[in-house]
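J.: My structure file protein.tsv, TSV, C-alpha atoms, is below:
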```
chain	number	residue	atom	x	y	z
E	354	MET	CA	18.87	38.10	16.14
E	355	ALA	CA	20.88	38.14	12.89
E	356	THR	CA	19.13	39.09	9.70
E	357	SER	CA	18.65	36.22	7.27
E	358	ARG	CA	19.82	36.55	3.68
E	359	VAL	CA	18.06	35.20	0.60
E	360	LEU	CA	19.68	34.76	-2.80
E	361	VAL	CA	17.01	35.66	-5.37
E	362	VAL	CA	17.67	34.33	-8.87
E	363	ASN	CA	16.00	36.60	-11.40
E	364	ASN	CA	14.91	34.45	-14.32
E	365	GLY	CA	13.41	37.45	-16.11
E	366	THR	CA	10.31	38.07	-14.02
E	367	LEU	CA	8.34	41.27	-14.41
E	368	SER	CA	7.67	41.35	-10.67
E	369	LEU	CA	11.16	41.30	-9.15
E	370	PRO	CA	10.60	44.44	-7.02
E	371	GLN	CA	7.44	42.93	-5.48
E	372	LEU	CA	9.15	39.59	-4.81
E	373	ARG	CA	12.10	41.25	-3.08
E	374	LYS	CA	9.80	43.47	-1.04
E	375	ARG	CA	7.85	40.47	0.29
E	376	PHE	CA	11.02	38.84	1.62
E	377	GLU	CA	12.37	42.11	2.98
E	378	ASP	CA	9.02	42.73	4.73
E	379	LEU	CA	9.44	39.27	6.30
E	380	GLY	CA	12.82	40.31	7.73
E	381	SER	CA	15.24	39.00	5.10
E	382	GLU	CA	17.88	40.84	3.16
E	383	THR	CA	17.87	39.92	-0.52
E	384	THR	CA	20.65	39.75	-3.07
E	385	VAL	CA	19.63	39.39	-6.71
E	386	VAL	CA	21.58	37.65	-9.46
E	387	ASP	CA	20.38	36.85	-12.94
E	388	VAL	CA	20.38	33.26	-14.12
E	389	ALA	CA	23.53	33.81	-16.22
E	390	SER	CA	25.41	34.99	-13.09
E	391	VAL	CA	24.41	32.19	-10.69
E	392	PRO	CA	27.36	31.02	-8.61
E	393	THR	CA	28.42	27.37	-8.81
E	394	ARG	CA	28.29	27.15	-4.99
E	395	LEU	CA	26.22	29.00	-2.46
E	396	ASN	CA	28.03	31.42	-0.21
E	397	ALA	CA	27.55	30.53	3.48
E	398	LYS	CA	25.95	33.92	4.13
E	399	TYR	CA	22.69	32.82	2.45
E	400	GLN	CA	19.98	30.94	4.33
E	401	ALA	CA	17.69	30.35	1.31
E	402	ILE	CA	17.43	30.53	-2.49
E	403	VAL	CA	14.38	31.84	-4.35
E	404	LEU	CA	13.90	31.35	-8.09
E	405	SER	CA	11.69	33.94	-9.75
E	406	GLY	CA	9.31	33.37	-12.61
E	407	THR	CA	10.69	33.37	-16.12
E	408	LYS	CA	10.05	34.37	-19.70
E	409	VAL	CA	12.42	31.64	-20.92
E	410	ARG	CA	10.85	28.20	-21.22
E	411	ALA	CA	11.79	25.78	-18.45
E	412	PHE	CA	12.56	23.13	-21.08
E	413	ASP	CA	15.98	24.65	-21.83
E	414	GLY	CA	18.09	22.39	-19.62
E	415	ASP	CA	21.41	23.72	-20.94
E	416	TYR	CA	20.45	27.31	-20.14
E	417	TYR	CA	19.50	26.39	-16.56
E	418	LYS	CA	22.19	23.75	-15.84
E	419	THR	CA	24.29	25.88	-13.45
E	420	LEU	CA	21.14	27.01	-11.63
E	421	ILE	CA	19.82	23.46	-11.23
E	422	ASP	CA	23.21	22.22	-10.03
E	423	LEU	CA	23.23	25.00	-7.41
E	424	VAL	CA	19.63	24.35	-6.29
E	425	MET	CA	19.92	20.59	-6.05
E	426	GLY	CA	23.35	20.71	-4.37
E	427	ALA	CA	22.65	23.48	-1.86
E	428	LYS	CA	21.92	22.61	1.76
E	429	VAL	CA	19.47	25.52	2.27
E	430	PRO	CA	15.72	25.76	1.57
E	431	VAL	CA	14.78	26.65	-2.01
E	432	PHE	CA	11.53	28.12	-3.34
E	433	GLY	CA	10.72	28.23	-7.06
E	434	ILE	CA	8.02	30.75	-8.00
E	435	CYS	CA	5.97	30.02	-11.18
E	436	GLY	CA	8.62	29.48	-13.88
E	437	GLY	CA	11.13	28.83	-11.09
E	438	MET	CA	9.05	25.83	-9.98
E	439	GLN	CA	8.77	24.67	-13.58
E	440	ILE	CA	12.56	24.82	-14.03
E	441	ILE	CA	13.05	22.63	-10.94
E	442	ALA	CA	10.32	20.20	-11.98
E	443	VAL	CA	11.51	19.77	-15.59
E	444	ALA	CA	15.13	19.29	-14.46
E	445	ASN	CA	13.90	16.45	-12.24
E	446	GLY	CA	11.83	14.73	-14.95
E	447	GLY	CA	8.53	16.63	-14.66
E	448	GLU	CA	6.35	17.25	-17.68
E	449	LEU	CA	4.77	20.58	-18.58
E	450	LYS	CA	1.80	20.96	-20.90
E	451	GLU	CA	0.17	23.98	-22.48
E	452	GLY	CA	-3.19	24.86	-20.99
E	453	PRO	CA	-5.61	27.75	-20.75
E	454	GLN	CA	-4.10	31.16	-20.09
E	455	ARG	CA	-4.70	32.16	-16.49
E	456	VAL	CA	-4.18	35.72	-15.32
E	457	GLY	CA	-5.52	36.87	-11.97
E	458	GLY	CA	-6.62	35.33	-8.71
E	459	TYR	CA	-7.44	31.61	-8.61
E	460	GLU	CA	-8.39	29.28	-5.77
E	461	VAL	CA	-6.04	26.48	-4.80
E	462	ARG	CA	-6.51	23.73	-2.21
E	463	VAL	CA	-3.41	23.18	-0.06
E	464	ASP	CA	-2.29	20.43	2.30
E	465	LYS	CA	-2.68	22.06	5.71
E	466	ASP	CA	-0.35	19.54	7.35
E	467	GLU	CA	2.54	21.24	5.50
E	468	PRO	CA	4.30	23.93	7.59
E	469	LEU	CA	4.50	26.04	4.44
E	470	PHE	CA	0.75	26.62	4.79
E	471	SER	CA	0.64	27.30	8.53
E	472	HIS	CA	-0.62	30.88	8.00
E	473	VAL	CA	-3.40	30.18	5.46
E	474	LYS	CA	-6.75	28.40	5.23
E	475	PRO	CA	-7.13	25.10	3.30
E	476	THR	CA	-8.21	27.05	0.20
E	477	VAL	CA	-6.12	30.05	-0.84
E	478	THR	CA	-6.45	32.61	-3.60
E	479	VAL	CA	-3.18	33.19	-5.41
E	480	PHE	CA	-2.16	35.16	-8.49
E	481	HIS	CA	-1.49	33.36	-11.77
E	482	ARG	CA	0.07	34.55	-15.01
E	483	HIS	CA	0.91	31.53	-17.15
E	484	THR	CA	-0.10	28.93	-19.73
E	485	LEU	CA	2.10	25.97	-18.75
E	486	TYR	CA	1.07	23.40	-16.15
E	487	LEU	CA	3.03	20.68	-14.38
E	488	GLN	CA	1.14	17.43	-14.94
E	489	ALA	CA	2.53	15.42	-12.02
E	490	ALA	CA	5.18	15.79	-9.38
E	491	PRO	CA	8.49	14.34	-10.61
E	492	ALA	CA	10.27	11.56	-8.74
E	493	GLY	CA	11.54	12.81	-5.39
E	494	PHE	CA	8.75	15.41	-5.10
E	495	ARG	CA	5.07	15.51	-4.27
E	496	SER	CA	2.13	17.80	-4.91
E	497	ILE	CA	1.07	19.72	-1.80
E	498	GLY	CA	-1.53	21.93	-3.51
E	499	ARG	CA	-3.90	21.54	-6.44
E	500	SER	CA	-6.62	23.33	-8.36
E	501	GLU	CA	-9.23	22.73	-11.01
E	502	HIS	CA	-6.69	23.36	-13.79
E	503	ALA	CA	-3.47	22.11	-12.24
E	504	PRO	CA	-2.78	18.91	-10.32
E	505	VAL	CA	0.45	20.45	-9.02
E	506	GLU	CA	-0.05	24.02	-7.85
E	507	PHE	CA	2.49	23.55	-5.05
E	508	LEU	CA	5.40	21.15	-4.92
E	509	ARG	CA	7.72	19.88	-2.16
E	510	SER	CA	10.77	17.67	-2.38
E	511	ASP	CA	10.64	14.49	-0.34
E	512	ASP	CA	13.42	15.82	1.91
E	513	GLY	CA	11.37	18.97	2.61
E	514	ARG	CA	14.07	21.37	1.34
E	515	VAL	CA	12.81	22.38	-2.12
E	516	PHE	CA	9.41	23.98	-2.67
E	517	GLY	CA	7.60	25.35	-5.69
E	518	ALA	CA	4.49	27.37	-6.45
E	519	GLN	CA	2.77	27.63	-9.81
E	520	ALA	CA	1.46	31.02	-8.67
E	521	HIS	CA	3.22	34.33	-8.25
E	522	LEU	CA	3.20	34.56	-4.46
E	523	GLU	CA	4.52	38.11	-4.50
E	524	PHE	CA	0.93	39.24	-5.14
E	525	ARG	CA	-2.13	38.83	-2.88
E	526	SER	CA	-2.18	38.36	0.88
E	527	ASP	CA	-2.44	34.55	0.76
E	528	GLY	CA	0.77	34.49	-1.28
E	529	THR	CA	2.54	36.64	1.30
E	530	ASP	CA	1.33	34.33	4.08
E	531	ILE	CA	2.70	31.30	2.20
E	532	LEU	CA	6.06	33.06	1.80
E	533	ARG	CA	5.93	33.69	5.57
E	534	GLY	CA	5.62	29.91	6.09
E	535	PHE	CA	8.68	29.39	3.87
E	536	ALA	CA	10.64	32.12	5.67
E	537	GLU	CA	10.05	30.35	8.97
E	538	THR	CA	11.84	27.26	7.60
E	539	TYR	CA	15.15	29.11	7.29
E	540	GLN	CA	15.04	31.92	9.87
```
Just give me the structure of the file as structure tokens.
T.:
Amino acid sequence: MATSRVLVVNNGTLSLPQLRKRFEDLGSETTVVDVASVPTRLNAKYQAIVLSGTKVRAFDGDYYKTLIDLVMGAKVPVFGICGGMQIIAVANGGELKEGPQRVGGYEVRVDKDEPLFSHVKPTVTVFHRHTLYLQAAPAGFRSIGRSEHAPVEFLRSDDGRVFGAQAHLEFRSDGTDILRGFAETYQ
């Protein structure tokens, strides 16, 4: 079986080594580019795109234009992690609001009928490090996970190709199991 390849877009996350390791442990080779070096088209050698978290606010549409064009035009599965999900959501009309700072493990209820969650229980504990919250899924997307503080902890496009997680899935075993569900969509 050929090894799958994932293009990881580093939006300035502090946990890039952990994110890469999770995908490599799941059998994927990873190539990292920073957001300023994102290609305008995806090379056919990649089976998925992953957007890391970010220190830059997702509201900066000009800064992320090339990335959003790539993500929305690609034919492969995409997963936005934390700020990566926020970038996708804002570009598609989603609204973010400031909320309480959350750092550490938090429980989230997920929609078990989603293949993304095939390896976890209906309530997962995932790692958070943020203060911005998506208020509702933008048009063309729906919430597939929620918590006490966030109505959209997980997001999926209506066509089932683009996913997002408010949490940093590179930490905690439930996060790794969710990434395993994503990996199975492109391997």
J.: Which residues come within 7 Å of Gly458 of chain E, counting all atoms listed in the file, excluding same-chain residues fewer than 4 positions away, as a list in words?
T.: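 Here the qualifying residues turn out to be Thr478, Val479, Phe480 and His481 of chain E.
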J.: How would you write as a list in words the residues that get within 12 Å of (-4.8, 36.4, -12.0) in the file's frame, counting only C-alpha atoms?
T.: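 Result, sorted by chain then residue number: Gln454, Arg455, Val456, Gly457, Gly458, Tyr459, Glu460, Thr478, Val479, Phe480, His481, Arg482, His483, Thr484, Gln519, Ala520, His521, Leu522, Phe524 and Arg525 of chain E.
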J.: One decimal, Å: what's the distance from atom CA of Arg499 of chain E over to atom CA of Val385 of chain E, could you say?
T.: 29.5 Å
J.: Report, in Å to a single decimal, how far apart atom CA of Gly426 of chain E and atom CA of Gly447 of chain E are.
T.: 18.5 Å
J.: Report the distance between atom CA of Arg533 of chain E and atom CA of Ser471 of chain E in Å, rounded to one decimal place.
T.: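 So the answer is 8.8 Å.
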J.: For Pro392 of chain E, which residue out of E:Glu451, E:Gly414, E:Thr529, E:Leu423 is the nearest one, using all atoms listed in the file?
T.: E:Leu423
J.: Can you pull out the residues contacting segment 395-408 of chain E? Cut-off 6 Å, using all atoms listed in the file, and skip same-chain residues under 3 positions away; I want them as a PyMOL selection string.
T.: chain E and resi 358-366+429-437+539
J.: Using all atoms listed in the file, which protein or nucleic acid residues come within 12 Å of Gly493 of chain E? Drop anything in the same chain fewer than 5 positions from it, and give the result as a list of chain:residue names.
T.: E:Met425, E:Ile441, E:Ala442, E:Ala444, E:Asn445, E:Gly446, E:Gly447, E:Leu508, E:Arg509, E:Ser510, E:Asp511, E:Asp512, E:Gly513, E:Arg514, E:Val515, E:Phe516
J.: Counting all atoms listed in the file, what is within 10 Å of Asp464 of chain E, bar same-chain residues fewer than 3 positions away, as a ChimeraX atom specification?
T.: /E:467-471,474-476,496-499,507
J.: Taking 5 positions as the minimum chain separation for residues in the same chain, which residues sit within 9 Å of Tyr486 of chain E when counting only C-alpha atoms? Answer as a list in words.
T.: Gln439, Glu448, Leu449, Lys450, Glu451, Gly452, His502, Ala503, Pro504, Val505, Glu506 and Gln519 of chain E
J.: Write the residues of the selection above to a file with C-alpha atoms, as a short mmCIF file (atom, residue, chain, number, x, y, z; two decimals), keeping the file's coordinate frame.
T.:
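Dumped to again_30.cif:
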```
data_model
loop_
_atom_site.label_atom_id
_atom_site.label_comp_id
_atom_site.auth_asym_id
_atom_site.auth_seq_id
_atom_site.Cartn_x
_atom_site.Cartn_y
_atom_site.Cartn_z
CA GLN E 439 8.77 24.67 -13.58
CA GLU E 448 6.35 17.25 -17.68
CA LEU E 449 4.77 20.58 -18.58
CA LYS E 450 1.80 20.96 -20.90
CA GLU E 451 0.17 23.98 -22.48
CA GLY E 452 -3.19 24.86 -20.99
CA HIS E 502 -6.69 23.36 -13.79
CA ALA E 503 -3.47 22.11 -12.24
CA PRO E 504 -2.78 18.91 -10.32
CA VAL E 505 0.45 20.45 -9.02
CA GLU E 506 -0.05 24.02 -7.85
CA GLN E 519 2.77 27.63 -9.81
#
```
